[in-house]
Amino acid sequence: MMTSTEKMMIRKALLAPESFVLRMVYSDKSGARTERVVSPIRILEGKAMLALCLCREDCRRFELERCTAVELLDANDVLMPVELKVLAGSLSN
């Protein structure tokens with residue numbers, strides 16, 4: 001479950017996309033965990049986030065219940081493409 005602080009960081013990045021991006025751990029439906037850096041575009045039906053994934057350099061849908069360890073980063077400190085990190089303990093290879 002996403003914390004209120006994490007929700008606040010997403011809102012802040014949504015309101016100032018030129019200033020902020022998010023780093024987060026995302027678990028896909030098969031259980032694979034990756035660290036992503038994203039620029040949020042909008043919230044979909046209160047349960048998902050449409051965002052530009054700076055690792056994949058593509059627009060992606062992220063289920064909010066699968067997002068953890070959300071951090072707000074200064075967008076000026078991030079260069080694309082960002083390395084996609086597969087985290088230990090993922091269920092898939």
# chains A, B, ... in the order shown; residues from 1 in each chain; ligands from 1
call {"tool": "closest_atom_pairs", "arguments": {"of": "region 38-66 of chain A", "to": "region 71-86 of chain A", "cutoff": "9 Å", "atoms": "only C-alpha atoms", "output": "tab-separated table"}}
result
residue	atom	partner	partner_atom	distance
A:Ser39	CA	A:Ala75	CA	8.8
A:Cys53	CA	A:Val82	CA	8.8
A:Leu54	CA	A:Pro81	CA	5.6
A:Cys55	CA	A:Val82	CA	4.5
A:Arg56	CA	A:Pro81	CA	7.3
A:Glu57	CA	A:Pro81	CA	6.5
call {"tool": "write_last_selection", "arguments": {"atoms": "C-alpha atoms", "output": "JSON list (two decimals), in the first residue's frame"}}
result
[["chain", "number", "residue", "atom", "x", "y", "z"],
["A", 39, "SER", "CA", 8.01, 11.29, -15.19],
["A", 53, "CYS", "CA", 9.55, 5.60, -18.12],
["A", 54, "LEU", "CA", 13.01, 7.11, -18.46],
["A", 55, "CYS", "CA", 14.51, 3.60, -18.45],
["A", 56, "ARG", "CA", 12.43, 2.29, -21.36],
["A", 57, "GLU", "CA", 12.09, 5.74, -22.99]]
call {"tool": "residues_around", "arguments": {"residues": "region 59-64 of chain A", "least_positions_apart": "6", "cutoff": "6 Å", "atoms": "only C-alpha atoms", "output": "VMD selection string"}}
result
chain A and resid 47 to 53
call {"tool": "write_last_selection", "arguments": {"atoms": "C-alpha atoms", "output": "CSV table (one decimal), in the first residue's frame"}}
result
chain,number,residue,atom,x,y,z
A,47,LYS,CA,-5.4,3.2,-9.2
A,48,ALA,CA,-2.7,3.6,-11.9
A,49,MET,CA,-0.2,6.2,-13.2
A,50,LEU,CA,0.5,6.9,-16.8
A,51,ALA,CA,4.2,8.0,-16.9
A,52,LEU,CA,7.1,8.3,-19.2
A,53,CYS,CA,9.5,5.6,-18.1
call {"tool": "residues_around", "arguments": {"residues": "Asp28 (chain A)", "least_positions_apart": "3", "cutoff": "9 Å", "atoms": "only C-alpha atoms", "output": "JSON, numbers by chain"}}
result
{"A": [31, 32, 33, 34, 62, 63, 66]}
call {"tool": "write_last_selection", "arguments": {"atoms": "N, CA and C atoms", "output": "CSV table (one decimal), in the first residue's frame"}}
result
chain,number,residue,atom,x,y,z
A,31,GLY,N,5.7,-10.7,-10.6
A,31,GLY,CA,6.5,-10.5,-9.4
A,31,GLY,C,7.9,-10.0,-9.7
A,32,ALA,N,8.3,-9.8,-10.9
A,32,ALA,CA,9.6,-9.2,-11.2
A,32,ALA,C,9.7,-7.8,-10.7
A,33,ARG,N,10.7,-7.5,-9.9
A,33,ARG,CA,10.9,-6.1,-9.3
A,33,ARG,C,12.0,-5.4,-10.0
A,34,THR,N,11.7,-4.1,-10.4
A,34,THR,CA,12.7,-3.3,-11.1
A,34,THR,C,12.7,-1.9,-10.5
A,62,PHE,N,1.6,2.2,-14.8
A,62,PHE,CA,2.1,1.6,-13.5
A,62,PHE,C,1.0,1.5,-12.5
A,63,GLU,N,0.7,0.3,-12.1
A,63,GLU,CA,-0.4,0.1,-11.1
A,63,GLU,C,0.2,0.7,-9.7
A,66,ARG,N,1.5,-1.5,-6.9
A,66,ARG,CA,2.7,-2.2,-7.2
A,66,ARG,C,4.0,-1.3,-7.1
call {"tool": "select_by_dssp", "arguments": {"residues": "chain A", "states": "helix (DSSP H, G or I)", "output": "PyMOL selection string"}}
result
chain A and resi 4-15+64-66+75-77
call {"tool": "write_last_selection", "arguments": {"atoms": "C-alpha atoms", "output": "CSV table (one decimal), in the first residue's frame"}}
result
chain,number,residue,atom,x,y,z
A,4,SER,CA,0.5,9.4,2.0
A,5,THR,CA,4.0,10.8,1.6
A,6,GLU,CA,4.5,8.7,-1.6
A,7,LYS,CA,1.2,10.0,-2.9
A,8,MET,CA,2.3,13.6,-2.2
A,9,MET,CA,5.6,13.0,-4.1
A,10,ILE,CA,3.6,11.8,-7.1
A,11,ARG,CA,1.4,14.9,-7.0
A,12,LYS,CA,4.4,17.2,-6.7
A,13,ALA,CA,6.0,15.5,-9.8
A,14,LEU,CA,2.7,15.8,-11.7
A,15,LEU,CA,2.4,19.5,-11.0
A,64,LEU,CA,-0.1,2.3,-7.9
A,65,GLU,CA,-0.5,-0.8,-5.6
A,66,ARG,CA,2.7,-2.2,-7.2
A,75,ALA,CA,14.8,16.3,-12.9
A,76,ASN,CA,18.0,18.3,-13.7
A,77,ASP,CA,20.0,15.5,-12.1
call {"tool": "select_by_dssp", "arguments": {"residues": "region 3-61 of chain A", "states": "strand (DSSP E or B)", "output": "number ranges by chain"}}
result
A: 20-27, 33-44, 48-53, 58-61
call {"tool": "atom_distance", "arguments": {"atom1": "CA of Phe20 (chain A)", "atom2": "CA of Val38 (chain A)"}}
result
9.4 Å
call {"tool": "atom_distance", "arguments": {"atom1": "CA of Met2 (chain A)", "atom2": "CA of Met24 (chain A)"}}
result
11.2 Å
call {"tool": "closest_residue", "arguments": {"among": "A:Gly46, A:Lys29, A:Pro40, A:Thr3", "to": "Pro17 (chain A)", "atoms": "only C-alpha atoms"}}
result
A:Pro40
call {"tool": "atom_distance", "arguments": {"atom1": "CA of Ser19 (chain A)", "atom2": "CA of Leu87 (chain A)"}}
result
26.9 Å
call {"tool": "residues_around", "arguments": {"residues": "Arg23 (chain A)", "least_positions_apart": "2", "cutoff": "6 Å", "atoms": "only C-alpha atoms", "output": "ChimeraX atom specification"}}
result
/A:36-37,70-71
call {"tool": "write_last_selection", "arguments": {"atoms": "N, CA and C atoms", "output": "CSV table (one decimal), in the first residue's frame"}}
result
chain,number,residue,atom,x,y,z
A,36,ARG,N,12.7,1.9,-11.3
A,36,ARG,CA,12.4,2.7,-12.4
A,36,ARG,C,12.5,4.2,-12.1
A,37,VAL,N,12.9,5.0,-13.1
A,37,VAL,CA,12.8,6.5,-12.9
A,37,VAL,C,11.7,6.9,-14.0
A,70,VAL,N,9.0,5.0,-3.3
A,70,VAL,CA,8.9,6.2,-4.2
A,70,VAL,C,9.8,7.3,-3.6
A,71,GLU,N,10.6,7.9,-4.5
A,71,GLU,CA,11.5,9.0,-4.1
A,71,GLU,C,11.3,10.1,-5.1
